[in-house]
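Input: a single structure, listed below in structure tokens.
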Amino acid sequence: MSDPILQIENVSKVYGARRALFGKTAEVQALQDVSLSVRKGESFGLVGESGSGKTTLTRSILHLETPTAGRILFEGRDLAQLSAAEMRRLRARVQIVFQDPYASLNPRMSVQDIVTEPMLIHRETLGLDRRQRIERAAELLSLVGLGPQHLSRFPHEFSGGQRQRICVARALASGPELLLLDEPTSALDVSVQAQVLNLLCELQDQLGLTYFFISHDLAVVRYLCDRVALIYRGELVEEGETDRIFDHPESEYARMLTRAMPEVRVPA
Amino acid sequence: MAPPLLSIRDLHLTMTSFEGEAHVLNGIDLTVRRGEIWGLVGESGCGKSLTGLSISRLVPAPPAAYKRGEIAFEGRDLLRLPMREVQALRGKRIGMIFQDPTTNLNPAYRIGEQLVDVALAAAKHDPSILDCEAGAGRRTRRRAAHRLAAEMLDRVGIPNAEERLDNYPHEFSGGMRQRVLIAMALIGRPDLLIADEPTTALDVSVQAQILKLLKGTVSDHDIGVILITHNLGVVAETCTHVAVMYAGNIVERGPVAEVINRPAHPYTRALMAAIPTRASQRGSLNGLGGAVPNLVTPPPGCRFAPRCARAIAACSAQQPPALPVAGEHHAACIRLAESEELEHV
Ligand SMILES: Nc1ncnc2c1ncn2[C@@H]1O[C@H](COP(=O)(O)OP(=O)(O)O)[C@@H](O)[C@H]1O
Ligand SMILES: Nc1ncnc2c1ncn2[C@@H]1O[C@H](COP(=O)(O)OP(=O)(O)O)[C@@H](O)[C@H]1O
Ligand SMILES: [Mg+2]
Ligand SMILES: [Mg+2]
């Protein structure tokens with residue numbers, strides 16, 4: 001069994017009460033004592049309904065949110081203990097792809113600017129000059145099934161599936177080992193989703209990436225992930241090998257989810 | 001014999017934009033009877049929403065223009081009915097649920113008031129909705145409408161429904177507002193319900209609950225439903241029939257088990273091959289290359305031909321007619337007979 005790349009240890013997150021239009025909102029316990037461990041090179045699925053804390057956990061892994069309690073370790077090192085310089089280097093190695101490829105690309109930037117931007121941000125770590133950055137952008141585009149002819153184009157010239165490929169190319173630009181994928185295919189048609197899922201499989205085989213894949217679509221998680229964790233109202237309710245969870249769910253929540261999952265039973 | 005609840009014949013709709021005139025519906029044929037739930041599926045941009053909106057005459061014209069065909073509701077052609085009469089049917093006999101709940105709830109009124117209004121209005125043509133005695137007073141009817149509103153809100157899965165009636169729309173999350181709209185459409189007890197991606201934004205557990213409620217409503221009240229969705233799993237588990245749309249055409253239609261177990265059209269097969277199932281091996285899904293064509297200058301003949309692995313020259317010669325596959329199962333593909341043969345070798 002390979003080493004853990006990411007460890008989440010007893011993480012809790014409480015959002016404080018905020019002032020609202022009428023009085024105050026209550027405190028929100030977004031995560032409660034969550035522990036899980038992601039192994040190098042695997043696809044780990046995190047499944048939960050809306051409001052269950054998936055985004056909060058993702059933001060905590062990216063260190064955009066500070067847990068109220070608990071620790072998050074990347075390759076055994078506590079994120080909270082890193083110096084600013086170490087944190088910068090780490091950010092190049094953990095990247096994210098968001099759900100909506102329409103909203104997450106700046107319409108005024110060319111594809112070249114979009115894909116080279118992370119290389120510019122992480123130029124200290126990567127040490128690429130301008131020419132090398134453009135060369136690498138062209139390589140990344142062909143890696144995700146587009147071509148160098150697309151470098152000068154703008155996001156509106158692409159379909160949803162192509163935009164998500166651009167988002168994946170951008171996420172790969174800094175040479176990450178861990179990709180956080182937050183519902184990357186839920187805005188896409190099934191025909192396009194299939195292409196993006198296949199691309200993710202190919203990239204993982206080629207580059208040895210680790211995926212932390214967030215979704216509410218159980219069929220997609222079953223297809224892509226080696227292991228799955230189910231989160232409900234901020235608490236981890238079940239975790240295990242994908243086949244085991246789908247074939248022999250233990251918790252009531254897992255049974256409910258697998259039962260509610262709409263399925264086409266394609267004849268063999 | 002009574003005319004079917006809904007019968008769409010050879011419907012052609014164009015949309016004019018700066019690019020030119022797009023042939024967005026290119027000869028739609030669809031019959032919906034009471035007790036049937038028709039799933040309307042296909043990639044985005046294929047004309048599913050415009051088909052639904054046409055039935056309630058909610059496509060703004062211009063830019064839209066109905067070039068040909070008819071939409072008969074219980075035998076009366078909605079395209080030739082005065083707008084006033086269409087409006088009288090809409091929301092009462094023809095109910096609608098749209099994908100975006102924000103545009104359809106009035107922010108200034110409490111959820112309960114809005115539901116009660118719908119129930120009282122619906123009771124005018126069907127007093128049994130309120131389940132109170134004939135000639136009951138205004139207060140009794142209001143109380144009954146309030147009870148019905150709370151009950152429906154509970155059935156679409158809003159916790160503490162009774163108390164939540166006092167809330168305003170902005171106090172509900174997006175998913176909860178969507179459920180309010182579903183409750184509202186069902187309270188009106190329409191004869192035909194058109195639901196456009198009603199559960200796409202909802203969690204699977206809520207989706208399952210709502211689809212069950214929809215099926216229950218169909219069997220209790222014998223209504224007809226058109227369920228627009230891009231999820232074939234939802235169709236397989238909810239619908240009695242399915243129509244597969246591609247670029248403004250229905251390319252395949254029939255009883256749901258028939259179509260899903262024996263998809264005949266290459267487009268339907270491609271859609272099904274893209275769905276991850278229990279049996280799919282990692283990396284084995286088949287995506288469908290290319291994209292839905294620009295409908296200002298659609299490909300000649302079969303609009304799917306440019307993306308179709310089985311296309312031959314004849315496919316682009318003329319638009320293929322819907323051919324029977326078995327019983328009520330039809331597919332619009334000239335290569336049907338040949339593909340059947342191929343599979344039996
Ligand atoms: N910045 C914030 N302030 C207050 N509450 C928040 C904030 N972000 C998220 N929450 C709350 O935390 C809970 C978990 O949210 P989130 O992590 O976004 O869930 P998910 O991504 O699974 O839908 C929800 O109840 C949400 O309303
Ligand atoms: N108001 C409009 N003006 C111009 N074209 C439109 C308009 N509404 C929809 N269309 C076009 O009509 C086609 C069908 O759209 P729609 O019915 O919304 O598809 P679906 O619901 O299947 O995703 C698309 O090509 C879309 O771009
Ligand atoms: Mg989220
Ligand atoms: Mg639509």
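Just so we're on the same page: first chain in the structure tokens is A, next is B, and so on; residues restart at 1 for each chain, and ligands are numbered from 1 in the order they show up.
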
For chain B, work out the contacting residues on chain A at 9 Å, counting only C-alpha atoms, and write them as JSON, numbers by chain.
-> {"A": [48, 49, 50, 159, 188, 189, 190, 191, 192, 193, 194, 195, 196, 197, 198, 199, 200, 201, 202, 216, 217, 219, 220, 222, 223, 224, 256, 257, 259, 260, 261, 262, 263, 264, 265, 266, 267, 268]}

Selection as a list in words: residues within 12 Å of ligand 3 by only C-alpha atoms and all ligand atoms | Ala30, Leu46, Val47, Gly48, Glu49, Ser50, Gly51, Ser52, Gly53, Lys54, Thr55, Thr56, Leu57, Thr58, Arg59, Phe98, Gln99, Asp100, Leu181, Asp182, Glu183, Pro184, Ser186, Phe213, Ile214, Ser215 and His216 of chain A

With N, CA, C and O atoms retained, write the just-selected residues as a tab-separated table (two decimals), in the first residue's frame.
```tsv
chain	number	residue	atom	x	y	z
A	30	ALA	N	-19.67	23.32	10.24
A	30	ALA	CA	-19.58	22.84	8.86
A	30	ALA	C	-18.85	21.51	8.76
A	30	ALA	O	-19.14	20.70	7.89
A	46	LEU	N	-15.17	11.98	-2.50
A	46	LEU	CA	-15.89	12.50	-1.34
A	46	LEU	C	-17.31	12.81	-1.81
A	46	LEU	O	-17.52	13.63	-2.70
A	47	VAL	N	-18.27	12.10	-1.21
A	47	VAL	CA	-19.65	12.23	-1.64
A	47	VAL	C	-20.50	12.79	-0.52
A	47	VAL	O	-20.39	12.35	0.63
A	48	GLY	N	-21.34	13.75	-0.83
A	48	GLY	CA	-22.27	14.26	0.17
A	48	GLY	C	-23.25	15.20	-0.49
A	48	GLY	O	-22.97	15.74	-1.56
A	49	GLU	N	-24.38	15.42	0.15
A	49	GLU	CA	-25.39	16.28	-0.42
A	49	GLU	C	-25.01	17.74	-0.18
A	49	GLU	O	-24.03	18.03	0.52
A	50	SER	N	-25.78	18.67	-0.74
A	50	SER	CA	-25.38	20.07	-0.62
A	50	SER	C	-25.42	20.51	0.84
A	50	SER	O	-26.28	20.09	1.61
A	51	GLY	N	-24.44	21.30	1.23
A	51	GLY	CA	-24.36	21.77	2.59
A	51	GLY	C	-23.68	20.81	3.55
A	51	GLY	O	-23.60	21.06	4.74
A	52	SER	N	-23.17	19.69	3.01
A	52	SER	CA	-22.60	18.69	3.92
A	52	SER	C	-21.17	19.03	4.35
A	52	SER	O	-20.63	18.37	5.23
A	53	GLY	N	-20.55	20.03	3.70
A	53	GLY	CA	-19.21	20.43	4.14
A	53	GLY	C	-18.09	20.13	3.14
A	53	GLY	O	-16.92	20.32	3.45
A	54	LYS	N	-18.45	19.68	1.92
A	54	LYS	CA	-17.45	19.28	0.94
A	54	LYS	C	-16.55	20.45	0.55
A	54	LYS	O	-15.33	20.34	0.55
A	55	THR	N	-17.17	21.59	0.25
A	55	THR	CA	-16.37	22.74	-0.17
A	55	THR	C	-15.53	23.27	0.98
A	55	THR	O	-14.37	23.65	0.80
A	56	THR	N	-16.08	23.26	2.19
A	56	THR	CA	-15.31	23.70	3.35
A	56	THR	C	-14.05	22.85	3.52
A	56	THR	O	-12.97	23.37	3.78
A	57	LEU	N	-14.21	21.54	3.32
A	57	LEU	CA	-13.05	20.66	3.46
A	57	LEU	C	-12.03	20.95	2.35
A	57	LEU	O	-10.82	21.03	2.61
A	58	THR	N	-12.51	21.14	1.13
A	58	THR	CA	-11.61	21.46	0.01
A	58	THR	C	-10.84	22.75	0.28
A	58	THR	O	-9.64	22.83	0.06
A	59	ARG	N	-11.57	23.75	0.75
A	59	ARG	CA	-10.93	25.04	1.03
A	59	ARG	C	-9.91	24.91	2.17
A	59	ARG	O	-8.90	25.60	2.18
A	98	PHE	N	-12.68	23.43	-10.79
A	98	PHE	CA	-14.02	23.72	-10.27
A	98	PHE	C	-15.12	23.14	-11.15
A	98	PHE	O	-14.90	22.72	-12.27
A	99	GLN	N	-16.31	23.22	-10.59
A	99	GLN	CA	-17.48	22.66	-11.24
A	99	GLN	C	-17.83	23.34	-12.56
A	99	GLN	O	-18.09	22.68	-13.55
A	100	ASP	N	-17.85	24.65	-12.55
A	100	ASP	CA	-18.47	25.35	-13.67
A	100	ASP	C	-17.42	25.93	-14.61
A	100	ASP	O	-16.83	26.96	-14.33
A	181	LEU	N	-10.80	17.93	-7.39
A	181	LEU	CA	-11.78	18.10	-8.47
A	181	LEU	C	-13.14	18.30	-7.83
A	181	LEU	O	-13.71	17.36	-7.27
A	182	ASP	N	-13.65	19.53	-7.84
A	182	ASP	CA	-14.92	19.83	-7.16
A	182	ASP	C	-16.06	19.78	-8.17
A	182	ASP	O	-16.31	20.72	-8.89
A	183	GLU	N	-16.72	18.63	-8.26
A	183	GLU	CA	-17.82	18.42	-9.20
A	183	GLU	C	-17.44	18.80	-10.64
A	183	GLU	O	-18.16	19.56	-11.28
A	184	PRO	N	-16.33	18.28	-11.17
A	184	PRO	CA	-15.81	18.79	-12.44
A	184	PRO	C	-16.70	18.50	-13.64
A	184	PRO	O	-16.55	19.15	-14.67
A	186	SER	N	-20.28	18.09	-13.42
A	186	SER	CA	-21.73	18.15	-13.20
A	186	SER	C	-22.41	19.22	-14.05
A	186	SER	O	-23.62	19.22	-14.17
A	213	PHE	N	-11.71	13.69	-5.40
A	213	PHE	CA	-12.80	13.94	-6.32
A	213	PHE	C	-14.10	14.15	-5.56
A	213	PHE	O	-14.58	13.25	-4.86
A	214	ILE	N	-14.66	15.34	-5.68
A	214	ILE	CA	-15.87	15.67	-4.93
A	214	ILE	C	-17.06	15.60	-5.85
A	214	ILE	O	-17.03	16.15	-6.95
A	215	SER	N	-18.11	14.92	-5.41
A	215	SER	CA	-19.26	14.81	-6.29
A	215	SER	C	-20.50	14.44	-5.51
A	215	SER	O	-20.42	13.91	-4.41
A	216	HIS	N	-21.65	14.73	-6.09
A	216	HIS	CA	-22.86	14.16	-5.52
A	216	HIS	C	-23.40	13.11	-6.46
A	216	HIS	O	-24.43	12.50	-6.22
```

Step by step, measure atom-to-atom distances between ligand 2 and each residue using only C-alpha atoms and all ligand atoms, keep those at most 10 Å, then write them as a PyMOL selection string.
-> (chain A and resi 189) or (chain B and resi 13-25+40-54+59-64+196-197+228-230+245-248+292-296)

Which of region 90-218 of chain A fall in strand (DSSP E), as a VMD selection string = chain A and resid 94 to 97 178 to 182 210 to 215

Could you turn the residues from that selection into a file that holds N, CA, C and O atoms, as a PDB file, in the first residue's frame?
```pdb
ATOM      1  N   VAL A  94      -0.580  21.336  -5.243  1.00  0.00           N
ATOM      2  CA  VAL A  94      -1.986  21.006  -5.010  1.00  0.00           C
ATOM      3  C   VAL A  94      -2.824  21.985  -5.823  1.00  0.00           C
ATOM      4  O   VAL A  94      -2.759  23.188  -5.585  1.00  0.00           O
ATOM      5  N   GLN A  95      -3.552  21.481  -6.784  1.00  0.00           N
ATOM      6  CA  GLN A  95      -4.347  22.372  -7.631  1.00  0.00           C
ATOM      7  C   GLN A  95      -5.808  21.933  -7.649  1.00  0.00           C
ATOM      8  O   GLN A  95      -6.135  20.808  -7.287  1.00  0.00           O
ATOM      9  N   ILE A  96      -6.680  22.840  -8.100  1.00  0.00           N
ATOM     10  CA  ILE A  96      -8.109  22.538  -8.071  1.00  0.00           C
ATOM     11  C   ILE A  96      -8.774  22.799  -9.419  1.00  0.00           C
ATOM     12  O   ILE A  96      -8.374  23.706 -10.146  1.00  0.00           O
ATOM     13  N   VAL A  97      -9.764  21.965  -9.751  1.00  0.00           N
ATOM     14  CA  VAL A  97     -10.623  22.179 -10.921  1.00  0.00           C
ATOM     15  C   VAL A  97     -12.042  22.346 -10.393  1.00  0.00           C
ATOM     16  O   VAL A  97     -12.526  21.514  -9.620  1.00  0.00           O
ATOM     17  N   LEU A 178      -1.319  16.512  -6.542  1.00  0.00           N
ATOM     18  CA  LEU A 178      -2.678  16.272  -6.031  1.00  0.00           C
ATOM     19  C   LEU A 178      -3.633  17.242  -6.722  1.00  0.00           C
ATOM     20  O   LEU A 178      -3.413  18.448  -6.727  1.00  0.00           O
ATOM     21  N   LEU A 179      -4.681  16.672  -7.343  1.00  0.00           N
ATOM     22  CA  LEU A 179      -5.712  17.517  -7.958  1.00  0.00           C
ATOM     23  C   LEU A 179      -6.991  17.387  -7.149  1.00  0.00           C
ATOM     24  O   LEU A 179      -7.478  16.275  -6.913  1.00  0.00           O
ATOM     25  N   LEU A 180      -7.535  18.527  -6.736  1.00  0.00           N
ATOM     26  CA  LEU A 180      -8.844  18.535  -6.095  1.00  0.00           C
ATOM     27  C   LEU A 180      -9.844  18.819  -7.203  1.00  0.00           C
ATOM     28  O   LEU A 180      -9.726  19.818  -7.915  1.00  0.00           O
ATOM     29  N   LEU A 181     -10.804  17.935  -7.392  1.00  0.00           N
ATOM     30  CA  LEU A 181     -11.777  18.097  -8.469  1.00  0.00           C
ATOM     31  C   LEU A 181     -13.144  18.299  -7.828  1.00  0.00           C
ATOM     32  O   LEU A 181     -13.709  17.363  -7.265  1.00  0.00           O
ATOM     33  N   ASP A 182     -13.651  19.528  -7.844  1.00  0.00           N
ATOM     34  CA  ASP A 182     -14.916  19.831  -7.161  1.00  0.00           C
ATOM     35  C   ASP A 182     -16.056  19.776  -8.174  1.00  0.00           C
ATOM     36  O   ASP A 182     -16.306  20.725  -8.894  1.00  0.00           O
ATOM     37  N   THR A 210      -2.715  12.123  -8.034  1.00  0.00           N
ATOM     38  CA  THR A 210      -3.677  11.707  -7.016  1.00  0.00           C
ATOM     39  C   THR A 210      -4.903  12.597  -7.173  1.00  0.00           C
ATOM     40  O   THR A 210      -4.766  13.808  -7.336  1.00  0.00           O
ATOM     41  N   TYR A 211      -6.081  11.991  -7.144  1.00  0.00           N
ATOM     42  CA  TYR A 211      -7.312  12.781  -7.261  1.00  0.00           C
ATOM     43  C   TYR A 211      -8.096  12.778  -5.947  1.00  0.00           C
ATOM     44  O   TYR A 211      -8.295  11.726  -5.335  1.00  0.00           O
ATOM     45  N   PHE A 212      -8.548  13.954  -5.565  1.00  0.00           N
ATOM     46  CA  PHE A 212      -9.518  14.083  -4.476  1.00  0.00           C
ATOM     47  C   PHE A 212     -10.765  14.600  -5.161  1.00  0.00           C
ATOM     48  O   PHE A 212     -10.846  15.763  -5.552  1.00  0.00           O
ATOM     49  N   PHE A 213     -11.714  13.694  -5.398  1.00  0.00           N
ATOM     50  CA  PHE A 213     -12.802  13.943  -6.324  1.00  0.00           C
ATOM     51  C   PHE A 213     -14.104  14.148  -5.555  1.00  0.00           C
ATOM     52  O   PHE A 213     -14.575  13.248  -4.864  1.00  0.00           O
ATOM     53  N   ILE A 214     -14.658  15.342  -5.678  1.00  0.00           N
ATOM     54  CA  ILE A 214     -15.868  15.668  -4.934  1.00  0.00           C
ATOM     55  C   ILE A 214     -17.062  15.602  -5.851  1.00  0.00           C
ATOM     56  O   ILE A 214     -17.031  16.153  -6.952  1.00  0.00           O
ATOM     57  N   SER A 215     -18.108  14.919  -5.413  1.00  0.00           N
ATOM     58  CA  SER A 215     -19.265  14.806  -6.289  1.00  0.00           C
ATOM     59  C   SER A 215     -20.500  14.438  -5.509  1.00  0.00           C
ATOM     60  O   SER A 215     -20.424  13.905  -4.409  1.00  0.00           O
TER      61      SER A 215
END
```

Contacts of Ala144 (chain B) at 12 Å or less, counting only C-alpha atoms, minus same-chain residues fewer than 6 places along, as a ChimeraX atom specification?
-> /B:115-117,119-120,123,127-133,136-138,150-151

With all heavy atoms retained, write the just-selected residues as a CSV table (one decimal), in the first residue's frame.
```csv
chain,number,residue,atom,x,y,z
B,115,LEU,N,-49.1,29.7,-2.3
B,115,LEU,CA,-49.6,28.3,-2.5
B,115,LEU,C,-51.1,28.3,-2.3
B,115,LEU,O,-51.9,27.7,-3.0
B,115,LEU,CB,-48.9,27.3,-1.5
B,115,LEU,CG,-47.5,27.0,-1.7
B,115,LEU,CD1,-46.9,26.2,-0.6
B,115,LEU,CD2,-47.3,26.4,-3.1
B,116,VAL,N,-51.6,29.1,-1.3
B,116,VAL,CA,-53.0,29.1,-1.0
B,116,VAL,C,-53.8,29.8,-2.2
B,116,VAL,O,-54.8,29.3,-2.6
B,116,VAL,CB,-53.3,29.9,0.3
B,116,VAL,CG1,-54.8,30.3,0.4
B,116,VAL,CG2,-52.9,29.1,1.5
B,117,ASP,N,-53.2,30.8,-2.8
B,117,ASP,CA,-53.8,31.4,-3.9
B,117,ASP,C,-54.0,30.4,-5.1
B,117,ASP,O,-55.0,30.4,-5.7
B,117,ASP,CB,-53.0,32.6,-4.4
B,117,ASP,CG,-53.2,33.8,-3.6
B,117,ASP,OD1,-54.1,33.8,-2.8
B,117,ASP,OD2,-52.4,34.8,-3.8
B,119,ALA,N,-54.1,27.2,-4.9
B,119,ALA,CA,-55.1,26.2,-4.5
B,119,ALA,C,-56.5,26.7,-4.7
B,119,ALA,O,-57.4,26.0,-5.2
B,119,ALA,CB,-54.9,25.7,-3.1
B,120,LEU,N,-56.8,27.9,-4.3
B,120,LEU,CA,-58.1,28.5,-4.4
B,120,LEU,C,-58.5,28.7,-5.8
B,120,LEU,O,-59.6,28.4,-6.2
B,120,LEU,CB,-58.2,29.9,-3.6
B,120,LEU,CG,-58.1,29.7,-2.1
B,120,LEU,CD1,-58.1,31.1,-1.5
B,120,LEU,CD2,-59.4,29.0,-1.6
B,123,ALA,N,-59.3,25.4,-7.3
B,123,ALA,CA,-60.6,24.8,-6.8
B,123,ALA,C,-61.8,25.4,-7.6
B,123,ALA,O,-62.9,24.8,-7.6
B,123,ALA,CB,-60.7,25.1,-5.3
B,127,PRO,N,-63.6,21.7,-7.6
B,127,PRO,CA,-63.7,21.9,-6.2
B,127,PRO,C,-63.2,20.8,-5.4
B,127,PRO,O,-62.9,21.0,-4.2
B,127,PRO,CB,-65.3,22.0,-6.1
B,127,PRO,CG,-65.8,22.3,-7.4
B,127,PRO,CD,-64.8,21.7,-8.4
B,128,SER,N,-63.1,19.6,-6.0
B,128,SER,CA,-62.6,18.4,-5.2
B,128,SER,C,-61.2,18.6,-4.6
B,128,SER,O,-60.8,17.9,-3.7
B,128,SER,CB,-62.7,17.2,-6.0
B,128,SER,OG,-61.7,17.2,-6.9
B,129,ILE,N,-60.4,19.5,-5.2
B,129,ILE,CA,-59.0,19.8,-4.8
B,129,ILE,C,-59.0,20.1,-3.3
B,129,ILE,O,-58.1,19.6,-2.6
B,129,ILE,CB,-58.4,20.9,-5.7
B,129,ILE,CG1,-58.1,20.4,-7.1
B,129,ILE,CG2,-57.1,21.4,-5.0
B,129,ILE,CD1,-57.6,21.4,-8.0
B,130,LEU,N,-59.9,20.9,-2.9
B,130,LEU,CA,-59.9,21.4,-1.5
B,130,LEU,C,-60.5,20.3,-0.5
B,130,LEU,O,-60.3,20.5,0.7
B,130,LEU,CB,-60.6,22.7,-1.3
B,130,LEU,CG,-59.9,23.9,-2.0
B,130,LEU,CD1,-60.6,25.2,-1.7
B,130,LEU,CD2,-58.4,24.0,-1.5
B,131,ASP,N,-61.2,19.4,-1.1
B,131,ASP,CA,-61.8,18.3,-0.2
B,131,ASP,C,-62.7,18.9,0.9
B,131,ASP,O,-62.6,18.5,2.0
B,131,ASP,CB,-60.6,17.5,0.4
B,131,ASP,CG,-61.1,16.2,0.9
B,131,ASP,OD1,-62.1,15.7,0.5
B,131,ASP,OD2,-60.4,15.6,1.8
B,132,CYS,N,-63.5,20.0,0.5
B,132,CYS,CA,-64.5,20.4,1.5
B,132,CYS,C,-65.8,20.5,0.9
B,132,CYS,O,-65.9,20.4,-0.4
B,132,CYS,CB,-64.1,21.7,2.2
B,132,CYS,SG,-63.7,23.1,1.1
B,133,GLU,N,-66.9,20.6,1.7
B,133,GLU,CA,-68.2,20.4,1.1
B,133,GLU,C,-68.6,21.5,0.1
B,133,GLU,O,-68.1,22.6,0.1
B,133,GLU,CB,-69.3,20.5,2.3
B,133,GLU,CG,-69.4,19.2,3.0
B,133,GLU,CD,-70.1,19.4,4.3
B,133,GLU,OE1,-70.9,20.3,4.4
B,133,GLU,OE2,-69.7,18.6,5.3
B,136,ALA,N,-69.1,25.4,0.6
B,136,ALA,CA,-68.5,25.8,1.9
B,136,ALA,C,-68.1,27.3,1.8
B,136,ALA,O,-67.8,27.8,0.7
B,136,ALA,CB,-67.2,25.0,2.0
B,137,GLY,N,-68.1,28.0,3.0
B,137,GLY,CA,-67.8,29.4,3.0
B,137,GLY,C,-66.4,29.7,2.7
B,137,GLY,O,-65.5,28.8,2.6
B,138,ARG,N,-66.1,31.0,2.5
B,138,ARG,CA,-64.8,31.5,2.1
B,138,ARG,C,-63.7,31.1,3.2
B,138,ARG,O,-62.7,30.6,2.8
B,138,ARG,CB,-64.8,33.0,2.0
B,138,ARG,CG,-64.1,33.5,0.8
B,138,ARG,CD,-64.1,35.0,0.6
B,138,ARG,NE,-62.8,35.5,0.6
B,138,ARG,CZ,-62.2,36.2,1.6
B,138,ARG,NH1,-62.9,36.5,2.7
B,138,ARG,NH2,-61.0,36.6,1.5
B,150,ALA,N,-49.8,23.2,3.2
B,150,ALA,CA,-48.8,22.6,4.2
B,150,ALA,C,-48.5,21.1,3.8
B,150,ALA,O,-47.4,20.7,3.9
B,150,ALA,CB,-49.4,22.7,5.6
B,151,GLU,N,-49.6,20.4,3.4
B,151,GLU,CA,-49.4,19.0,3.1
B,151,GLU,C,-48.5,18.8,1.9
B,151,GLU,O,-47.6,18.0,1.9
B,151,GLU,CB,-50.8,18.4,2.8
B,151,GLU,CG,-50.8,16.9,2.6
B,151,GLU,CD,-52.1,16.4,2.0
B,151,GLU,OE1,-53.2,16.9,2.4
B,151,GLU,OE2,-52.0,15.6,1.0
```

DSSP says alpha helix (DSSP H) for which residues of region 73-202 of chain A? Put them as a ChimeraX atom specification?
-> /A:84-93,111-121,123-126,130-143,160-172,190-202

Please measure the separation of CA of Phe154 (chain A) and CA of Val115 (chain A), giving the value in Å to one decimal.
->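 Going from CA of Phe154 (chain A) over to CA of Val115 (chain A) covers 11.7 Å.
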
Figure out the distance between CA of Val14 (chain A) and CA of Phe74 (chain A), please, to one decimal in Å.
->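 Separating CA of Phe74 (chain A) from CA of Val14 (chain A) is a distance of 22.3 Å.
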
Neighbours of Gly35 (chain B) within 6 Å (only C-alpha atoms; same-chain residues fewer than 6 positions away dropped), as a VMD selection string?
-> chain B and resid 218 222 to 224

Contacts of Leu193 (chain B) at 7 Å (only C-alpha atoms; same-chain gap of 2+ positions) as number ranges by chain = B: 94-96, 190-191, 195, 224-226

Keeping only N, CA and C atoms, take the residues you just selected and write them out as a CSV table (one decimal), in the first residue's frame.
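Saved result, part-v7.csv, follows:
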```
chain,number,residue,atom,x,y,z
B,94,ILE,N,-52.8,23.1,-17.9
B,94,ILE,CA,-51.4,22.8,-18.3
B,94,ILE,C,-50.5,23.4,-17.3
B,95,GLY,N,-49.9,22.6,-16.5
B,95,GLY,CA,-49.0,23.1,-15.4
B,95,GLY,C,-47.5,23.0,-15.9
B,96,MET,N,-46.7,23.9,-15.3
B,96,MET,CA,-45.3,23.9,-15.7
B,96,MET,C,-44.4,24.1,-14.5
B,190,PRO,N,-53.0,20.0,-12.6
B,190,PRO,CA,-53.2,20.2,-14.0
B,190,PRO,C,-53.5,18.8,-14.7
B,191,ASP,N,-54.0,18.8,-15.9
B,191,ASP,CA,-54.2,17.6,-16.7
B,191,ASP,C,-52.9,17.2,-17.4
B,195,ALA,N,-42.5,19.5,-17.0
B,195,ALA,CA,-41.5,19.7,-15.9
B,195,ALA,C,-40.1,19.8,-16.6
B,224,GLY,N,-51.2,13.6,-17.5
B,224,GLY,CA,-50.1,13.2,-18.5
B,224,GLY,C,-48.9,14.2,-18.1
B,225,VAL,N,-47.7,13.6,-18.3
B,225,VAL,CA,-46.5,14.4,-17.9
B,225,VAL,C,-45.4,14.4,-19.0
B,226,ILE,N,-44.8,15.5,-19.3
B,226,ILE,CA,-43.6,15.6,-20.1
B,226,ILE,C,-42.5,16.0,-19.1
```

Can you work out the spacing between CA of Glu177 (chain A) and CA of Arg123 (chain A) in Å, to one decimal?
->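 Interatomic distance here is 17.1 Å.
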
Nearest to Gln162 (chain A), chosen from A:Arg130, A:Thr25, A:Thr125, A:Tyr102, with only C-alpha atoms counted in the distances =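 Checking each of A:Arg130, A:Thr25, A:Thr125, A:Tyr102 against Gln162 (chain A), counting only C-alpha atoms, the winner is A:Tyr102.
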
Do you know which residues are at most 7 Å from Met152 (chain B) counting only C-alpha atoms, after dropping those on the same chain fewer than 4 positions away, and could you put them as a list in words?
->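 In the requested format, the answer is Leu148, Val156 and Ala183 of chain B.
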
Go through A:Leu236, A:Ile72, A:Ala254, A:Ala138 and flag the residue nearest ligand 1, using only C-alpha atoms and all ligand atoms for the distances.
->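 Smallest separation from ligand 1 among the options: A:Leu236.
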
Please provide the set of residues having any atom within 9 Å of Pro176 (chain A), restricted to only C-alpha atoms, with same-chain residues fewer than 6 positions apart removed, written as a PyMOL selection string.
-> chain A and resi 90-95+209

Nearest to ligand 1: which of B:Gln178, B:Ser173, B:Thr240, B:Thr199 is it, counting only C-alpha atoms and all ligand atoms?
->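 Of B:Gln178, B:Ser173, B:Thr240, B:Thr199, the one nearest ligand 1, counting only C-alpha atoms and all ligand atoms, is B:Ser173.
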
Looking at only C-alpha atoms and all ligand atoms, which of A:Ala229, A:Ala69, A:Leu120, A:Val28 is the one that sits closest to ligand 1?
->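 Closest to ligand 1, using only C-alpha atoms and all ligand atoms: A:Val28.
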